[in-house]
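Written out below as structure tokens is the structure these notes cover.
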Amino acid sequence: MTLEQTLTELAEYVREELSIVRKRGEEKTTPREHGNDFHEMQQAADKVDHLAHSLRKLHDQEFSGAWRRQSAQE
């Protein structure tokens, strides 16, 4: 995947997860309640984490050298 594709897909899954988190917050759903939206949120979170990892690699390819400041220790 290209940098643009990864960023686009990441943004989609972040919006999906955020939407579910907000919905659960409005409904005051406790984190322990496992409904259908909980599993959807897990799937979106897993994809976000995967894409974030891919994005980090793409950034390293795009910006060679010691360009990291905040995430240098991660």
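Letters A, B, ... mark the chains of the structure tokens in the order given; residue numbers begin at 1 per chain; ligand numbers begin at 1, in order shown.
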* To do: Find the residues around region 12-25 of chain A up to 10 Å (only C-alpha atoms counted), leave out those fewer than 3 positions away in its own chain, and share them as a PyMOL selection string.
  => chain A and resi 6-9+28-31+33+37-38+40-49+51
* Name the residues of chain A that fall into helix (DSSP H, G or I) according to DSSP on the backbone, using the chain letters and numbers of this document, as a PyMOL selection string. => chain A and resi 3-26+36-62
For N, CA and C atoms, I'd like the residues from the last selection saved as a compact mmCIF listing (two decimals), in the first residue's frame.
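The resulting file, part-v2.txt, is shown below:
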# COMPACT_ATOMS: atom_id res chain seq x y z
N LEU A 3 1.55 5.38 0.80
CA LEU A 3 1.32 6.25 1.95
C LEU A 3 -0.10 6.82 1.90
N GLU A 4 -0.52 7.28 0.73
CA GLU A 4 -1.86 7.85 0.60
C GLU A 4 -2.95 6.82 0.89
N GLN A 5 -2.81 5.62 0.36
CA GLN A 5 -3.79 4.56 0.60
C GLN A 5 -3.87 4.20 2.08
N THR A 6 -2.72 4.10 2.70
CA THR A 6 -2.68 3.75 4.12
C THR A 6 -3.33 4.83 4.96
N LEU A 7 -3.01 6.09 4.68
CA LEU A 7 -3.61 7.19 5.43
C LEU A 7 -5.13 7.24 5.23
N THR A 8 -5.58 7.00 4.01
CA THR A 8 -7.01 7.02 3.72
C THR A 8 -7.73 5.91 4.47
N GLU A 9 -7.19 4.71 4.42
CA GLU A 9 -7.81 3.58 5.10
C GLU A 9 -7.76 3.77 6.61
N LEU A 10 -6.64 4.26 7.12
CA LEU A 10 -6.51 4.51 8.55
C LEU A 10 -7.56 5.51 9.02
N ALA A 11 -7.74 6.58 8.27
CA ALA A 11 -8.74 7.60 8.63
C ALA A 11 -10.15 7.00 8.67
N GLU A 12 -10.46 6.11 7.74
CA GLU A 12 -11.78 5.47 7.71
C GLU A 12 -12.01 4.63 8.96
N TYR A 13 -11.03 3.82 9.33
CA TYR A 13 -11.18 2.95 10.50
C TYR A 13 -11.17 3.75 11.80
N VAL A 14 -10.40 4.84 11.84
CA VAL A 14 -10.41 5.70 13.03
C VAL A 14 -11.79 6.33 13.20
N ARG A 15 -12.37 6.81 12.10
CA ARG A 15 -13.73 7.39 12.17
C ARG A 15 -14.74 6.34 12.62
N GLU A 16 -14.60 5.11 12.12
CA GLU A 16 -15.52 4.04 12.51
C GLU A 16 -15.41 3.74 14.00
N GLU A 17 -14.19 3.58 14.48
CA GLU A 17 -14.00 3.30 15.90
C GLU A 17 -14.50 4.46 16.76
N LEU A 18 -14.18 5.69 16.36
CA LEU A 18 -14.62 6.86 17.10
C LEU A 18 -16.14 6.95 17.16
N SER A 19 -16.79 6.64 16.06
CA SER A 19 -18.25 6.66 16.02
C SER A 19 -18.84 5.68 17.02
N ILE A 20 -18.28 4.48 17.09
CA ILE A 20 -18.77 3.48 18.03
C ILE A 20 -18.50 3.90 19.47
N VAL A 21 -17.31 4.43 19.72
CA VAL A 21 -16.96 4.89 21.07
C VAL A 21 -17.91 6.00 21.51
N ARG A 22 -18.20 6.94 20.62
CA ARG A 22 -19.12 8.03 20.95
C ARG A 22 -20.52 7.50 21.21
N LYS A 23 -20.98 6.57 20.37
CA LYS A 23 -22.31 5.99 20.54
C LYS A 23 -22.42 5.28 21.88
N ARG A 24 -21.40 4.50 22.22
CA ARG A 24 -21.40 3.78 23.50
C ARG A 24 -21.36 4.78 24.67
N GLY A 25 -20.65 5.90 24.47
CA GLY A 25 -20.59 6.93 25.51
C GLY A 25 -21.93 7.60 25.71
N GLU A 26 -22.62 7.89 24.61
CA GLU A 26 -23.94 8.51 24.71
C GLU A 26 -24.95 7.57 25.37
N ASN A 36 -22.89 -6.27 19.86
CA ASN A 36 -22.40 -6.32 18.49
C ASN A 36 -21.45 -5.17 18.21
N ASP A 37 -21.78 -3.99 18.74
CA ASP A 37 -20.92 -2.83 18.48
C ASP A 37 -19.56 -2.98 19.16
N PHE A 38 -19.51 -3.72 20.25
CA PHE A 38 -18.23 -3.94 20.93
C PHE A 38 -17.29 -4.71 20.01
N HIS A 39 -17.81 -5.73 19.35
CA HIS A 39 -16.97 -6.53 18.45
C HIS A 39 -16.59 -5.72 17.21
N GLU A 40 -17.49 -4.88 16.74
CA GLU A 40 -17.16 -3.99 15.62
C GLU A 40 -16.06 -3.02 16.04
N MET A 41 -16.15 -2.53 17.27
CA MET A 41 -15.13 -1.61 17.77
C MET A 41 -13.78 -2.33 17.89
N GLN A 42 -13.80 -3.58 18.35
CA GLN A 42 -12.56 -4.36 18.43
C GLN A 42 -11.93 -4.55 17.06
N GLN A 43 -12.75 -4.88 16.06
CA GLN A 43 -12.24 -5.09 14.72
C GLN A 43 -11.65 -3.80 14.15
N ALA A 44 -12.34 -2.69 14.37
CA ALA A 44 -11.83 -1.41 13.89
C ALA A 44 -10.52 -1.05 14.61
N ALA A 45 -10.47 -1.29 15.91
CA ALA A 45 -9.26 -0.98 16.68
C ALA A 45 -8.09 -1.83 16.21
N ASP A 46 -8.34 -3.09 15.92
CA ASP A 46 -7.29 -3.97 15.43
C ASP A 46 -6.76 -3.48 14.09
N LYS A 47 -7.65 -3.05 13.21
CA LYS A 47 -7.24 -2.55 11.90
C LYS A 47 -6.48 -1.22 12.05
N VAL A 48 -6.94 -0.36 12.97
CA VAL A 48 -6.24 0.91 13.22
C VAL A 48 -4.81 0.63 13.68
N ASP A 49 -4.66 -0.29 14.62
CA ASP A 49 -3.32 -0.61 15.12
C ASP A 49 -2.43 -1.17 14.01
N HIS A 50 -2.98 -2.06 13.19
CA HIS A 50 -2.22 -2.64 12.09
C HIS A 50 -1.78 -1.56 11.10
N LEU A 51 -2.72 -0.70 10.73
CA LEU A 51 -2.41 0.35 9.76
C LEU A 51 -1.43 1.38 10.34
N ALA A 52 -1.55 1.66 11.63
CA ALA A 52 -0.62 2.60 12.27
C ALA A 52 0.80 2.04 12.21
N HIS A 53 0.92 0.74 12.41
CA HIS A 53 2.23 0.10 12.32
C HIS A 53 2.77 0.20 10.88
N SER A 54 1.90 -0.07 9.91
CA SER A 54 2.29 0.05 8.50
C SER A 54 2.67 1.49 8.17
N LEU A 55 1.92 2.43 8.69
CA LEU A 55 2.19 3.83 8.44
C LEU A 55 3.56 4.24 8.99
N ARG A 56 3.90 3.73 10.13
CA ARG A 56 5.21 4.03 10.71
C ARG A 56 6.33 3.57 9.78
N LYS A 57 6.17 2.38 9.21
CA LYS A 57 7.17 1.87 8.26
C LYS A 57 7.24 2.74 7.01
N LEU A 58 6.07 3.12 6.51
CA LEU A 58 6.04 3.99 5.33
C LEU A 58 6.69 5.34 5.61
N HIS A 59 6.46 5.88 6.79
CA HIS A 59 7.10 7.15 7.16
C HIS A 59 8.62 6.98 7.21
N ASP A 60 9.07 5.88 7.76
CA ASP A 60 10.51 5.64 7.82
C ASP A 60 11.12 5.57 6.42
N GLN A 61 10.38 4.99 5.48
CA GLN A 61 10.87 4.93 4.10
C GLN A 61 10.86 6.32 3.45
N GLU A 62 9.83 7.09 3.75
CA GLU A 62 9.67 8.42 3.15
C GLU A 62 10.68 9.42 3.70
